[in-house]
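Report on the structure given below.
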Amino acid sequence: MAFMAEQASGTPGVRATVLDNGLTVFVQEVHTAPLASVWCWYRVGSKDETPGLTGVSHWVEHMNFRGTTNIPRDQVKGIIEQFGGSWNGYTWIDQTTYLETATRDALDRMLFIEAERMANCLYDPEDCEAERTIIISELQGGENDPDQLLDQEVTATAFKAHPYRHPTIGWLPDLQSMSRDDLYGYYRRHYVPNNAALVIVGDVEADEALRRAEAAFGRIPAGPLPHRPRLVEPEQLGERRVTIRKAGTTAYFKAAFHAPAVGDPAFFPMLVLDAVLSGAKGLNLWASFRTPPPQRRARLYRALVETGLASAVNAALLPTQHPFLYVVSVTVREGAAPEEVEAATLRELDEVRRLGVTAEELAGAKRQLRARLVFENDSVTNIAHQLGYFATVASVDLYRTLAARVMAVTAAEVADAAGRCLRPGNRTIGWFEPEADAADEAADDRRAADPAIAEGR
Amino acid sequence: MSGVTAAGLAPSRSVLSNGLVVIAKENGTTPAVTINLAVRAGSVCDPADALGTALFVSRTIDRGTAQHTADEIAGQLDGRGIALAVHVTRHLLTMACTCLAEDFDAVLGLIGEMATAPTFPDREVDTRRGEIITAIRQDQDNPAVAAVERLMALLYGDDHPYGRPAKGTIASVTAIASAHLSAFHRAWFAPARTALAIVGDVAAARATDAAARVFSDWTAAPAPAPVLAAPVPATGRRRVVLPMMNKAQVDIAYGFTTIARADPAYDACWIMNNVLGQYALGGRLGESIRERQGMAYYVSSTFDPNAIAGPLLVRAGVNPANVDRALASIDREMAAMAADGVTAKELGESKQYLIGSMPRTLETNAGIAAFLQMVEYFDLGLDYDLRVPERLRAVTLDQVNGAARRMLRVDRAAVVIAGPYEDGPDAVPQA
């Protein structure tokens with residue numbers, strides 16, 4: 001055993017250790033089901049990409065499911081399913097992560113897969129080409145959704161310096177031109193143990209799990225940490241606006257505001273403010289956003305959906321390492337006037353900016369967030385996600401104190417956060433305006449050709 | 001207490017005097033409870049002249065009761081951090097939520113009110129109608145949705161309850177009023193058509209008592225279940241193109257009708273579909289179309305048997321230039337599996353996967369509740385979670401290969417292509 005440092009993590013039940021090679025390991029025993037979840041997190045995401053290589057982090061993630069020295073390509077995806085396990089991975093602006101959840105007797109196999117992924121991926125040139133077209137297909141599938149297309153353009157407009165501006169999937173020309181060497185070089189620079197965190201949660205014994213992690217990862221050498229330039233988006237000086245006009249059936253509206261990073265004390269008042277405006281979501285990107293928020297009494301829902309201006313409204317304040325965006329998204333109801341939708345949205349945001357929230361709203365938002373923080377930790381997979389996520393973008397200590405930080409928020413802090421974030425000069429307005437209308441014409445053609453469609457199917 | 005032990009879930013099941021089934025399972029993983037109420041009032045119950053009624057009910061049933069206004073209900077749910085999900089499938093209308101254990105009694109009472117005494121206020125009906133019409137318009141611009149809806153119509157016929165659009169049409173939804181929703185509720189909502197699952201940090205006996213308090217006085221008489229015709233067997237291949245030239249990617253939907261859930265071949269088909277389009281990211285289809293040829297970000301198959309023969313659906317998203325190649329690959333994989341069957345290795349891996357995934361399926365309260373509702377709906381028995389492994393182990397290679405031969409008939413497949421694609425002059429004529 002050669003642990004360089006071992007300390008109490010500060011979180012009850014969580015063991016934290018740093019191996020000699022710099023890999024941080026977190027273990028939490030949860031004995032409610034005979035399962036274990038293993039996640040390996042890398043401090044690399046699309047904010048670490050340079051112009052010309054946008055999308056490389058995500059493409060590297062795809063390549064890391066394409067075989068290693070000791071796991072042939074055609075076995076990578078089945079190797080854990082033989083244990084009934086699930087596996088996945090995702091890349092976002094700050095981080096890349098991989099996971100397996102399976103019965104506890106598969107722990108060694110899960111650790112083996114992640115150690116292989118860290119050190120021994122192959123990057124076969126033919127596989128790189130196959131993934132190029134798969135990822136372009138993923139990008140085009142996303143562009144089929146007007147709301148996603150608008151989100152991408154609004155983000156790109158809101159940032160002019162910080163690399164949060166480009167989509168994690170990358171820009172199409174970069175995906176068309178990137179080479180195998182670009183991918184492999186990026187992998188080697190970022191996939192070192194001292195740039196990673198390993199999380200094990202489930203029906204395991206902590207000391208034994210740590211020993212196994214050491215056995216699987218201990219021989220992988222540390223590497224030089226990638227250079228990280230200091231990235232600060234300059235203050236926005238006035239409202240920005242982007243409008244996409246494209247064939248479609250439905251109009252979408254977004255208002256995006258530069259917002260605090262998760263480590264900023266102002267983050268939690270903003271989180272409470274978001275609950276008042278659109279209902280509490282929680283803070284688990286793996287779980288919370290799959291369930292709709294409780295929002296029927298929320299201000300934006302009442303102002304937009306209950307009035308018949310919108311068929312849906314949502315807002316998101318996501319926990320990020322650097323200041324990202326608070327984005328309000330509205331689906332315009334069929335027949336509603338877009339200018340009224342924009343005016344009503346901005347009127348609500350302006351009112352809360354000027355007047356803050358009521359004591360009753362503050363208490364209600366906290367109750368919602370307290371419940372959501374319970375709901376989002378209901379499985380070993382979800383708990384492991386939260387440990388690793390916060391260890392990567394902030395700290396495990398922050399994770400441990402989420403509920404306390406929410407409960408400590410005052411109405412004055414919410415008012416202050418609203419006052420600073422929701423200024424008109426800090427916002428980017430986005431519109432998707434459906435044009436009349438290739439989709440409609442096509443639908444009309446289909447109706448003419450097919451009586452079943454004439455009914456509007 | 002854990003979700004799954006060697007003894008299995010062993011839920012408690014009781015039937016109230018009015019016929020309502022209560023299934024309870026204690027699970028103390030988190031201080032929360034999942035409530036899942038399923039009524040046999042899905043979209044197959046839609047009147048033929050009012051398509052979309054079940055879905056419309058699902059969007060309005062929580063918007064006012066004899067005792068509480070929509071706003072009061074919203075306050076009670078929102079204040080507890082609860083988002084009630086009301087969801088309609090072909091056969092079931094399900095109301096489900098997770099609440100803190102301390103809120104269980106109050107929330108169950110509220111769900112009871114909504115299920116038994118909704119009022120469908122006109123104002124709410126009008127507002128929700130606009131939302132549904134917007135959703136139908138969004139679907140019209142969504143190639144993936146358009147492809148699957150058209151495929152279901154091809155497989156079952158435009159007028160069959162499986163072939164009709166669950167949301168209805170703009171015309172049908174425009175004509176639905178509060179009285180139609182009330183009439184649907186009277187016709188299909190009854191205790192004998194309802195099952196309630198309660199899973200979480202509440203003792204099973206206490207959960208059952210609470211359910212009895214809330215639902216015992218409900219006396220609606222059950223209507224006879226709707227009779228569904230079996231799908232007409234396909235006699236040839238059908239192919240429809242839905243050009244949507246404003247899109248970047250094509251969605252393909254490809255499928256057959258298969259068997260009913262009660263068919264003895266169910267387990268063999270379940271395994272066969274796992275090999276075909278599920279195992280290790282899309283099974284054989286994923287290996288061919290995604291991994292080897294790089295043609296699609298997603299490709300997989302789903303097998304969805306029900307009261308009657310359900311569909312086996314393959315879905316893929318591909319670049320417009322690759323549509324013909326992707327379809328040829330789907331055909332090739334189907335034909336190969338029908339002719340040569342699966343290998344012993346594939347059979348073993350898929351069995352291991354399906355058996356081994358049970359503890360994950362049954363880890364969370366919501367997962368357990370959904371599983372228990374499935375067991376109740378298909379009448380599989382309270383120990384079904386324990387019997388799945390032995391049932392799957394007993395399936396033979398011959399049974400799986402027989403299922404493949406019986407179902408995967410390339411010459412009888414229905415195919416829909418939606419997106420930036422148009423048939424050339426030499427295209428196969430449309431059905």
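Ordering of the structure tokens sets the chain letters (A, B, ...), residue numbers begin anew at 1 in every chain, and ligands are numbered from 1 in the order given.
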
Practice task
For chain B, work out the contacting residues on chain A at 7 Å, counting only C-alpha atoms, and write them as a PyMOL selection string.
Solution key: chain A and resi 32-33+77-78+81-85+130-131+133-135+137-138+140-141+143-144+247-250+292-297+306+308+311+333-334+364+367-369+371-372+378-379+438-439+442+452+455-457

Next, write the just-selected residues to a file, as a compact mmCIF listing (two decimals), in the first residue's frame, keeping N, CA and C atoms as the atom set.
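The resulting selection-v2.txt:
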# COMPACT_ATOMS: atom_id res chain seq x y z
N THR A 32 -27.47 -0.54 0.73
CA THR A 32 -28.91 -0.74 0.56
C THR A 32 -29.25 -1.69 -0.58
N ALA A 33 -28.32 -1.92 -1.50
CA ALA A 33 -28.56 -2.86 -2.60
C ALA A 33 -27.22 -3.51 -2.92
N LYS A 77 -17.87 -2.80 -24.85
CA LYS A 77 -19.21 -2.44 -24.43
C LYS A 77 -19.92 -3.59 -23.74
N GLY A 78 -19.47 -4.82 -24.01
CA GLY A 78 -20.12 -5.95 -23.39
C GLY A 78 -19.48 -6.37 -22.07
N GLU A 81 -21.65 -5.50 -19.25
CA GLU A 81 -23.04 -5.97 -19.37
C GLU A 81 -23.14 -7.45 -19.04
N GLN A 82 -22.04 -8.18 -19.20
CA GLN A 82 -22.08 -9.59 -18.79
C GLN A 82 -22.40 -9.74 -17.31
N PHE A 83 -22.14 -8.68 -16.55
CA PHE A 83 -22.48 -8.69 -15.12
C PHE A 83 -23.83 -8.01 -14.88
N GLY A 84 -24.57 -7.79 -15.94
CA GLY A 84 -25.84 -7.08 -15.78
C GLY A 84 -25.64 -5.60 -15.54
N GLY A 85 -24.42 -5.15 -15.75
CA GLY A 85 -24.12 -3.76 -15.42
C GLY A 85 -24.53 -2.78 -16.49
N ALA A 130 -14.63 6.18 -38.07
CA ALA A 130 -16.01 5.77 -37.80
C ALA A 130 -16.64 6.73 -36.78
N GLU A 131 -15.86 7.11 -35.76
CA GLU A 131 -16.42 8.02 -34.75
C GLU A 131 -16.66 9.42 -35.33
N THR A 133 -17.90 10.22 -38.21
CA THR A 133 -19.25 10.29 -38.79
C THR A 133 -20.33 10.07 -37.73
N ILE A 134 -20.04 9.26 -36.72
CA ILE A 134 -21.02 9.09 -35.64
C ILE A 134 -21.26 10.42 -34.93
N ILE A 135 -20.18 11.14 -34.64
CA ILE A 135 -20.31 12.39 -33.89
C ILE A 135 -20.99 13.46 -34.76
N SER A 137 -23.16 12.77 -36.94
CA SER A 137 -24.58 12.36 -36.87
C SER A 137 -25.21 12.83 -35.56
N GLU A 138 -24.46 12.73 -34.47
CA GLU A 138 -24.96 13.21 -33.18
C GLU A 138 -25.24 14.72 -33.25
N GLN A 140 -25.86 16.50 -35.94
CA GLN A 140 -26.99 16.81 -36.82
C GLN A 140 -28.32 16.42 -36.18
N GLY A 141 -28.30 15.33 -35.41
CA GLY A 141 -29.51 14.96 -34.67
C GLY A 141 -29.89 16.07 -33.70
N GLU A 143 -29.19 19.23 -34.08
CA GLU A 143 -29.68 20.38 -34.85
C GLU A 143 -31.09 20.18 -35.36
N ASN A 144 -31.57 18.93 -35.38
CA ASN A 144 -32.97 18.70 -35.74
C ASN A 144 -33.91 19.34 -34.72
N ALA A 247 -37.08 27.06 -41.21
CA ALA A 247 -38.36 26.35 -41.32
C ALA A 247 -38.64 25.60 -40.03
N GLY A 248 -39.88 25.63 -39.62
CA GLY A 248 -40.24 24.95 -38.38
C GLY A 248 -41.70 25.20 -38.08
N THR A 249 -42.17 24.71 -36.92
CA THR A 249 -43.58 24.88 -36.57
C THR A 249 -43.78 25.74 -35.34
N THR A 250 -42.73 25.88 -34.51
CA THR A 250 -42.92 26.43 -33.18
C THR A 250 -41.81 27.45 -32.91
N PRO A 292 -39.27 16.63 -14.12
CA PRO A 292 -39.63 18.04 -14.22
C PRO A 292 -39.67 18.69 -12.84
N PRO A 293 -39.39 19.98 -12.77
CA PRO A 293 -39.40 20.65 -11.47
C PRO A 293 -40.82 20.95 -11.01
N PRO A 294 -41.01 21.10 -9.69
CA PRO A 294 -42.30 21.56 -9.19
C PRO A 294 -42.42 23.05 -9.48
N GLN A 295 -43.25 23.44 -10.42
CA GLN A 295 -43.16 24.83 -10.86
C GLN A 295 -44.50 25.52 -11.05
N ARG A 296 -45.59 24.88 -10.63
CA ARG A 296 -46.88 25.49 -10.98
C ARG A 296 -47.12 26.81 -10.29
N ARG A 297 -46.50 27.01 -9.12
CA ARG A 297 -46.64 28.30 -8.44
C ARG A 297 -45.48 29.23 -8.76
N GLU A 306 -49.61 29.85 -17.53
CA GLU A 306 -51.00 30.02 -17.08
C GLU A 306 -51.74 31.11 -17.85
N GLY A 308 -51.37 31.49 -21.05
CA GLY A 308 -51.56 31.05 -22.42
C GLY A 308 -50.55 31.60 -23.40
N SER A 311 -46.27 27.24 -23.92
CA SER A 311 -46.68 25.89 -23.54
C SER A 311 -45.71 25.30 -22.53
N ARG A 333 -46.51 29.27 -27.17
CA ARG A 333 -47.72 28.53 -27.47
C ARG A 333 -48.22 28.86 -28.87
N GLU A 334 -48.74 27.84 -29.54
CA GLU A 334 -49.30 28.02 -30.88
C GLU A 334 -50.28 29.20 -30.86
N GLY A 364 -40.58 28.65 0.61
CA GLY A 364 -41.05 27.62 -0.32
C GLY A 364 -39.92 27.09 -1.19
N ARG A 367 -37.78 24.76 0.84
CA ARG A 367 -38.42 23.45 1.03
C ARG A 367 -38.27 22.60 -0.23
N GLN A 368 -38.51 23.21 -1.37
CA GLN A 368 -38.36 22.47 -2.63
C GLN A 368 -36.94 21.95 -2.80
N LEU A 369 -35.98 22.80 -2.57
CA LEU A 369 -34.59 22.39 -2.78
C LEU A 369 -34.18 21.30 -1.80
N ALA A 371 -36.11 18.98 -0.57
CA ALA A 371 -36.66 17.72 -1.08
C ALA A 371 -35.88 17.22 -2.29
N ARG A 372 -35.57 18.11 -3.21
CA ARG A 372 -34.86 17.68 -4.42
C ARG A 372 -33.48 17.13 -4.09
N ASP A 378 -30.76 9.04 -4.61
CA ASP A 378 -31.52 7.83 -4.28
C ASP A 378 -30.90 6.54 -4.79
N SER A 379 -29.71 6.59 -5.37
CA SER A 379 -29.10 5.36 -5.87
C SER A 379 -27.59 5.49 -5.75
N ALA A 438 -41.14 25.38 -44.88
CA ALA A 438 -40.92 24.13 -45.62
C ALA A 438 -41.57 22.96 -44.89
N ALA A 439 -41.51 22.99 -43.55
CA ALA A 439 -42.09 21.86 -42.81
C ALA A 439 -43.59 21.80 -43.04
N ALA A 442 -44.27 20.69 -46.54
CA ALA A 442 -44.08 19.23 -46.63
C ALA A 442 -45.26 18.52 -45.98
N ALA A 452 -54.62 9.88 -43.94
CA ALA A 452 -54.39 9.71 -42.50
C ALA A 452 -53.72 10.94 -41.94
N GLU A 455 -55.62 14.37 -41.10
CA GLU A 455 -56.20 14.61 -39.79
C GLU A 455 -55.21 15.26 -38.84
N GLY A 456 -53.97 15.41 -39.28
CA GLY A 456 -53.00 16.11 -38.46
C GLY A 456 -52.08 15.18 -37.71
N ARG A 457 -52.03 13.95 -38.09
CA ARG A 457 -51.17 13.02 -37.39
C ARG A 457 -49.71 13.40 -37.59

Review point. What residues in segment 205-378 of chain A get the DSSP label helix (DSSP H, G or I)? Please answer as a VMD selection string.
Key: chain A and resid 206 to 217 267 to 278 288 to 290 299 to 305 338 to 355 359 to 375

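Counting from atom CA of Val14 of chain A, the distance to atom CA of Gln28 of chain A is 4.6 Å.
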
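Of note, atom CA of Thr208 of chain B and atom CA of Val21 of chain B are spaced 9.8 Å apart.
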
Atom CA of Ala115 of chain B to atom CA of Thr60 of chain B measures 11.0 Å

Requested in this report: Within 9 Å of Phe378 of chain B, counting only C-alpha atoms, which residues show up once you throw out same-chain ones fewer than 5 positions away? Write them as an MDAnalysis selection string, please.
Outcome: chainID B and resid 261:262 306:307 373

Q | Shell around segment 183-200 of chain A at 6 Å using only C-alpha atoms, local window under 6 positions removed, as a count of residues only | A | 16

**Q.** Best match for closeness to Val327 of chain A among A:Ala213, A:Ala115, A:Ala259, A:Ala415, counting only C-alpha atoms
**A.**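 Closest to Val327 of chain A, using only C-alpha atoms: A:Ala259.
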
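Ranking B:Leu155, B:Met407, B:Asp267, B:Val314 by their shortest atom-to-atom distance to Arg393 of chain B, with only C-alpha atoms included, puts B:Asp267 first.
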
Those of segment 246-299 of chain A in DSSP strand (DSSP E or B), formatted as JSON, numbers by chain
{"A": [246, 247, 252, 253, 254, 255, 256, 257, 258]}

request  = List the neighbours of Tyr252 of chain A out to 8 Å using only C-alpha atoms; skip same-chain residues closer than 6 positions along the sequence, and give me the result as a list in words.
outcome  = Pro146, Asp147, Leu150, Ser329, Val330, Thr331, Val332, Trp431, Phe432 and Glu433 of chain A

Kindly indicate which residue among B:Val88, B:Val416, B:Ala260, B:Phe184 lies nearest to Ala147 of chain B, using only C-alpha atoms for the distances.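 Looking at the shortest contact to Ala147 of chain B, the residue is B:Val416.
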